[in-house]
Structures are given as structure tokens and as C-alpha cells.
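Undergrad: Take a look at this one; I'll ask things after.
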Number of protein chains: 2
Amino acid sequence: MDYKDFENCGLKKALDMLSGKWKPMILYFLFYQGEFRFNDLWRSIPRISKKVLMEHLQEMVGNDLVIRREVNGFPSEVRYALSRKGKALGPVLSALDEFGNTSNLN
Amino acid sequence: MDYKDFENCGLKKALDMLSGKWKPMILYFLFYQGEFRFNDLWRSIPRISKKVLMEHLQEMVGNDLVIRREVNGFPSEVRYALSRKGKALGPVLSALDEFGNTSNLN
DNA sequence: AAACCAAGTTACTCAAAAGTAACTTGCTTG
DNA sequence: CAAGCAAGTTACTTTTGAGTAACTTGGTTT
């Protein structure tokens, strides 16, 4: 086994998709709330900056975890929601959540 | 639901334990190799610095994922291995790995 | 046409994480 | 007793990520 094997293993890819200060929180909102508009989410999360929220969403769209949908109407509206792939993260995030809640074993 | 709920949920705790440029790689080695000595691991991973390897290991020991054991002998030797809690991460990391390897669904 | 809103973008600053290389401690073999 | 090795530590630099606030675009109401 060699570090090279690691460099493009699935674990690394998956953790890269989740890396970013606010990404887990964004996913949390997406799972509990289904869909949201950019400014609504921005106002829901204290202290997040528009810039970083934007960057995170764009990365998640790039990773096919999130779908961005423009609704034509007024005021102009863009909705973000989990893609099929994003939804497939559900059980994995639950497993992580459960692990994180487990009190120390050893 | 409120962002406060997120701040100390298990998901956040778990992801914090995994955050750090080289931590997933260290876990990868621990799972495949069982145990290692500090310098051996350091030499196995090109480009990692001693300082960061040390910091990562200390955090993981602090999170009870890894156990540090001093073997008295010469040259002096310290062995790092997964704790019971660390081993419990196995299935979770496998799930992440599988997710990361899944080609795009949507 | 002025004021307003959503959704971005931009230039710039600040903070956190990681990298580098030299140094330390303690024990040992030549 | 000098040189050597494991396991750190330290002071310092560089890189990366996040924060701030002002600006833009395009359509809307008054």
C-alpha cells in the first residue's frame, strides 16, 4: 500500500466534498428543509458571509450534490436543493452523526 | 430547526475529528497497517511535515481515536494504533469511501 | 426615473492551517 | 566522548480559507 493509492480514493474525494467551514451546516439545512432560496439561507445562518455561502454552494453544485434552479418571477429567485447524489449522502451523514454522538468507548 | 442545533451535533463533532489535511491518510494507514512508529509513518508519507503529523496525531489521541504507546527499548519507540473508538470509525469511513467512488447519479 | 429586491461579484483584509529547518532530550553504540 | 537515532518542539514563513463591505445586473413597483 502506498500513499498514491490514497490520493484519489473515494474517502478523500468524499471528505473533500464535505470540506468547508459551513458545508455540513448547509447540508443540514438542505436535509431538514428540502429547498431554499439563496438569501433565505443566508439570513438563517448567522455570521456566514454571502461570499463564502456562494462559494460553498457553487462547489456543491460542481460536485453534483446540489441542484441550482432558477425560477422566473419577481423578485428573481434561485432555489437550491439536494440532487439524487446529494440525497445519497443521507445515510452516510447519519452514520457520521451517530459516531459523533457516541460517548467515548475507550 | 436552528443553526444552534447544529453547533454541537454529532455530525459536526465527527467531521471536526476528521478535519486536517492528512488525517484521512493517517487513518488509512492505521486501518491497513494496524500500528506504526512515528518516524516510519513520517517517512511513508511524502511531503508531510513532522510538525503537522505530530499535531494531527495529538489531536486524534485527544479525540480518543488513537492510542499512543511508549515501548521502552532502544532506539526509543512510540507506537500509534487505533483505539476501540477509532476502529468503530471503520464502517463509517467505508461508507464515505463508497460514496466517493460512486460515479455521478444525477 | 428613484428606490427596492434577489442574486451575485469584486477588491481587499484577517485568521487559521500547513510548511521549513534547526534545535532538544535521552539513550547507545563505536 | 563523538556521532547517531527516535521522538518531539520551537520560531518563523507561506499558503489557504474565511470575512467585510461596497458594487453590479436585471427586473418591479410607486
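Ligands are numbered from 1 in the order shown, residues from 1 within each chain, and chains are lettered A, B, ... in the order they appear in the C-alpha cells.
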With only C-alpha atoms (C1' of nucleotides) as the counted atoms, please give the residues lying no more than 12 Å from C:DC5, apart from itself and same-chain residues fewer than 3 positions off, as a ChimeraX atom specification.
TA: /A:39,74-77 /D:25-29
Undergrad: Sorted by chain and rising residue number, list the residues of stretch 20-86 of chain B at most 10 Å from stretch 12-27 of chain C (counting only C-alpha atoms (C1' of nucleotides)), each with its closest atom pair and distance in Å to one decimal, as JSON lines.
TA:
```
{"residue": "B:Gly20", "atom": "CA", "partner": "C:DA17", "partner_atom": "C1'", "distance": 8.2}
{"residue": "B:Lys21", "atom": "CA", "partner": "C:DA18", "partner_atom": "C1'", "distance": 8.3}
{"residue": "B:Arg47", "atom": "CA", "partner": "C:DG19", "partner_atom": "C1'", "distance": 9.0}
{"residue": "B:Ile48", "atom": "CA", "partner": "C:DG19", "partner_atom": "C1'", "distance": 8.4}
{"residue": "B:Ser49", "atom": "CA", "partner": "C:DG19", "partner_atom": "C1'", "distance": 6.7}
{"residue": "B:Lys50", "atom": "CA", "partner": "C:DG19", "partner_atom": "C1'", "distance": 9.6}
{"residue": "B:Lys51", "atom": "CA", "partner": "C:DG19", "partner_atom": "C1'", "distance": 8.7}
{"residue": "B:Val52", "atom": "CA", "partner": "C:DA18", "partner_atom": "C1'", "distance": 7.0}
{"residue": "B:Gly73", "atom": "CA", "partner": "C:DC27", "partner_atom": "C1'", "distance": 9.1}
{"residue": "B:Phe74", "atom": "CA", "partner": "C:DC27", "partner_atom": "C1'", "distance": 7.3}
{"residue": "B:Pro75", "atom": "CA", "partner": "C:DC27", "partner_atom": "C1'", "distance": 7.5}
{"residue": "B:Ser76", "atom": "CA", "partner": "C:DC27", "partner_atom": "C1'", "distance": 7.7}
```
Undergrad: DSSP on the backbone: what in stretch 3-96 of chain A comes out strand (DSSP E), as a count of residues only?
TA: 15
Undergrad: Compute the set of chain A residues within 6 Å of chain B, using only C-alpha atoms, and express it as a list in words.
TA: Gly10, Leu11, Lys13, Ala14, Arg84, Lys85, Leu96, Asp97, Gly100, Asn101, Leu105 and Asn106 of chain A
Undergrad: Can you spit out the residues from that selection as a compact mmCIF listing (two decimals), in the first residue's frame, using N, CA and C atoms?
TA:
```txt
# COMPACT_ATOMS: atom_id res chain seq x y z
N GLY A 10 -11.86 7.03 -2.84
CA GLY A 10 -13.18 7.59 -2.59
C GLY A 10 -13.27 8.36 -1.28
N LEU A 11 -12.56 7.88 -0.28
CA LEU A 11 -12.61 8.57 1.01
C LEU A 11 -12.14 10.00 0.88
N LYS A 13 -12.01 11.83 -1.85
CA LYS A 13 -12.97 12.59 -2.65
C LYS A 13 -14.17 13.00 -1.81
N ALA A 14 -14.69 12.04 -1.03
CA ALA A 14 -15.88 12.33 -0.23
C ALA A 14 -15.58 13.42 0.80
N ARG A 84 -30.02 13.90 -6.57
CA ARG A 84 -30.13 12.50 -6.19
C ARG A 84 -28.84 12.06 -5.48
N LYS A 85 -27.73 12.48 -6.03
CA LYS A 85 -26.45 12.13 -5.40
C LYS A 85 -26.35 12.73 -4.00
N LEU A 96 -22.15 9.29 10.37
CA LEU A 96 -21.19 10.21 10.99
C LEU A 96 -21.77 10.86 12.23
N ASP A 97 -23.03 11.26 12.13
CA ASP A 97 -23.70 11.91 13.24
C ASP A 97 -23.77 10.97 14.44
N GLY A 100 -20.40 10.66 15.96
CA GLY A 100 -20.05 11.85 16.72
C GLY A 100 -20.78 11.95 18.05
N ASN A 101 -21.94 11.35 18.11
CA ASN A 101 -22.72 11.40 19.36
C ASN A 101 -22.37 10.29 20.34
N LEU A 105 -15.69 5.28 23.97
CA LEU A 105 -15.67 3.84 24.19
C LEU A 105 -14.41 3.44 24.95
N ASN A 106 -13.30 3.89 24.47
CA ASN A 106 -12.00 3.55 25.08
C ASN A 106 -11.15 4.79 25.23
```
Undergrad: Using DSSP on the backbone, list every residue of chain A that comes out as alpha helix (DSSP H), and give them as number ranges by chain.
TA: A: 3-7, 10-18, 23-33, 38-44, 50-62, 84-88, 90-101
Undergrad: Show me, as a list in words, every residue of chain C with an atom at most 12 Å from chain A, counting only C-alpha atoms (C1' of nucleotides).
TA: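 Interface list for chain C against chain A: DC4, DC5, DA6, DA7, DG8, DT9, DT10 and DA16 of chain C.
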Undergrad: For the selection you just gave me, I'd like the residues written to a file as a PDB file, in the first residue's frame, keeping N, CA and C atoms (P, O5', C5', C4', C3', O3' and C1' of nucleotides).
TA:
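Contents of the output file result-v7.pdb:
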```
ATOM      1  P    DC C   4     -35.606  52.345  -0.990  1.00  0.00           P
ATOM      2  O5'  DC C   4     -36.125  51.310  -2.078  1.00  0.00           O
ATOM      3  C5'  DC C   4     -37.463  50.803  -2.024  1.00  0.00           C
ATOM      4  C4'  DC C   4     -37.457  49.330  -2.391  1.00  0.00           C
ATOM      5  C3'  DC C   4     -36.387  48.523  -1.618  1.00  0.00           C
ATOM      6  O3'  DC C   4     -36.908  47.267  -1.214  1.00  0.00           O
ATOM      7  C1'  DC C   4     -36.059  48.266  -3.931  1.00  0.00           C
ATOM      8  P    DC C   5     -36.308  46.387  -0.021  1.00  0.00           P
ATOM      9  O5'  DC C   5     -36.250  44.923  -0.638  1.00  0.00           O
ATOM     10  C5'  DC C   5     -37.351  44.378  -1.376  1.00  0.00           C
ATOM     11  C4'  DC C   5     -36.809  43.408  -2.405  1.00  0.00           C
ATOM     12  C3'  DC C   5     -35.644  42.565  -1.870  1.00  0.00           C
ATOM     13  O3'  DC C   5     -36.006  41.198  -1.810  1.00  0.00           O
ATOM     14  C1'  DC C   5     -35.175  43.445  -4.052  1.00  0.00           C
ATOM     15  P    DA C   6     -35.048  40.138  -1.103  1.00  0.00           P
ATOM     16  O5'  DA C   6     -34.525  39.324  -2.358  1.00  0.00           O
ATOM     17  C5'  DA C   6     -35.438  38.634  -3.204  1.00  0.00           C
ATOM     18  C4'  DA C   6     -34.650  38.032  -4.348  1.00  0.00           C
ATOM     19  C3'  DA C   6     -33.523  37.118  -3.878  1.00  0.00           C
ATOM     20  O3'  DA C   6     -33.588  35.908  -4.614  1.00  0.00           O
ATOM     21  C1'  DA C   6     -32.650  38.878  -5.250  1.00  0.00           C
ATOM     22  P    DA C   7     -32.628  34.723  -4.272  1.00  0.00           P
ATOM     23  O5'  DA C   7     -31.352  35.090  -5.162  1.00  0.00           O
ATOM     24  C5'  DA C   7     -31.453  35.049  -6.572  1.00  0.00           C
ATOM     25  C4'  DA C   7     -30.149  35.504  -7.191  1.00  0.00           C
ATOM     26  C3'  DA C   7     -28.906  34.782  -6.642  1.00  0.00           C
ATOM     27  O3'  DA C   7     -28.064  34.449  -7.730  1.00  0.00           O
ATOM     28  C1'  DA C   7     -28.594  37.068  -6.557  1.00  0.00           C
ATOM     29  P    DG C   8     -27.230  33.031  -7.705  1.00  0.00           P
ATOM     30  O5'  DG C   8     -25.810  33.224  -7.032  1.00  0.00           O
ATOM     31  C5'  DG C   8     -25.280  34.459  -6.602  1.00  0.00           C
ATOM     32  C4'  DG C   8     -24.801  35.300  -7.753  1.00  0.00           C
ATOM     33  C3'  DG C   8     -23.301  35.377  -7.831  1.00  0.00           C
ATOM     34  O3'  DG C   8     -22.811  35.263  -9.152  1.00  0.00           O
ATOM     35  C1'  DG C   8     -24.245  37.541  -7.387  1.00  0.00           C
ATOM     36  P    DT C   9     -21.195  34.942  -9.340  1.00  0.00           P
ATOM     37  O5'  DT C   9     -20.504  36.370  -9.174  1.00  0.00           O
ATOM     38  C5'  DT C   9     -20.788  37.381 -10.129  1.00  0.00           C
ATOM     39  C4'  DT C   9     -19.928  38.590  -9.816  1.00  0.00           C
ATOM     40  C3'  DT C   9     -18.442  38.272  -9.598  1.00  0.00           C
ATOM     41  O3'  DT C   9     -17.723  39.183 -10.404  1.00  0.00           O
ATOM     42  C1'  DT C   9     -19.265  39.570  -7.820  1.00  0.00           C
ATOM     43  P    DT C  10     -16.156  38.945 -10.729  1.00  0.00           P
ATOM     44  O5'  DT C  10     -15.419  40.230 -10.115  1.00  0.00           O
ATOM     45  C5'  DT C  10     -16.120  41.445  -9.916  1.00  0.00           C
ATOM     46  C4'  DT C  10     -15.400  42.279  -8.862  1.00  0.00           C
ATOM     47  C3'  DT C  10     -13.943  41.885  -8.616  1.00  0.00           C
ATOM     48  O3'  DT C  10     -13.117  43.018  -8.910  1.00  0.00           O
ATOM     49  C1'  DT C  10     -15.129  42.131  -6.562  1.00  0.00           C
ATOM     50  P    DA C  16      -8.382  32.558  14.167  1.00  0.00           P
ATOM     51  O5'  DA C  16      -8.057  31.272  13.277  1.00  0.00           O
ATOM     52  C5'  DA C  16      -8.986  30.860  12.283  1.00  0.00           C
ATOM     53  C4'  DA C  16      -8.348  29.799  11.435  1.00  0.00           C
ATOM     54  C3'  DA C  16      -7.635  28.718  12.235  1.00  0.00           C
ATOM     55  O3'  DA C  16      -8.122  27.493  11.732  1.00  0.00           O
ATOM     56  C1'  DA C  16      -6.172  29.646  10.602  1.00  0.00           C
TER      57       DA C  16
END
```
Undergrad: For chain D, report every residue with an atom at most 12 Å from chain B (counting only C-alpha atoms (C1' of nucleotides)), formatted as a PyMOL selection string.
TA: chain D and resi 4-10+16
Undergrad: Have a look at atom CA of B:Asn72 and atom CA of B:Leu30 and let me know their distance in Å, one decimal.
TA: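 Taking atom CA of B:Asn72 and atom CA of B:Leu30, their separation equals 21.5 Å.
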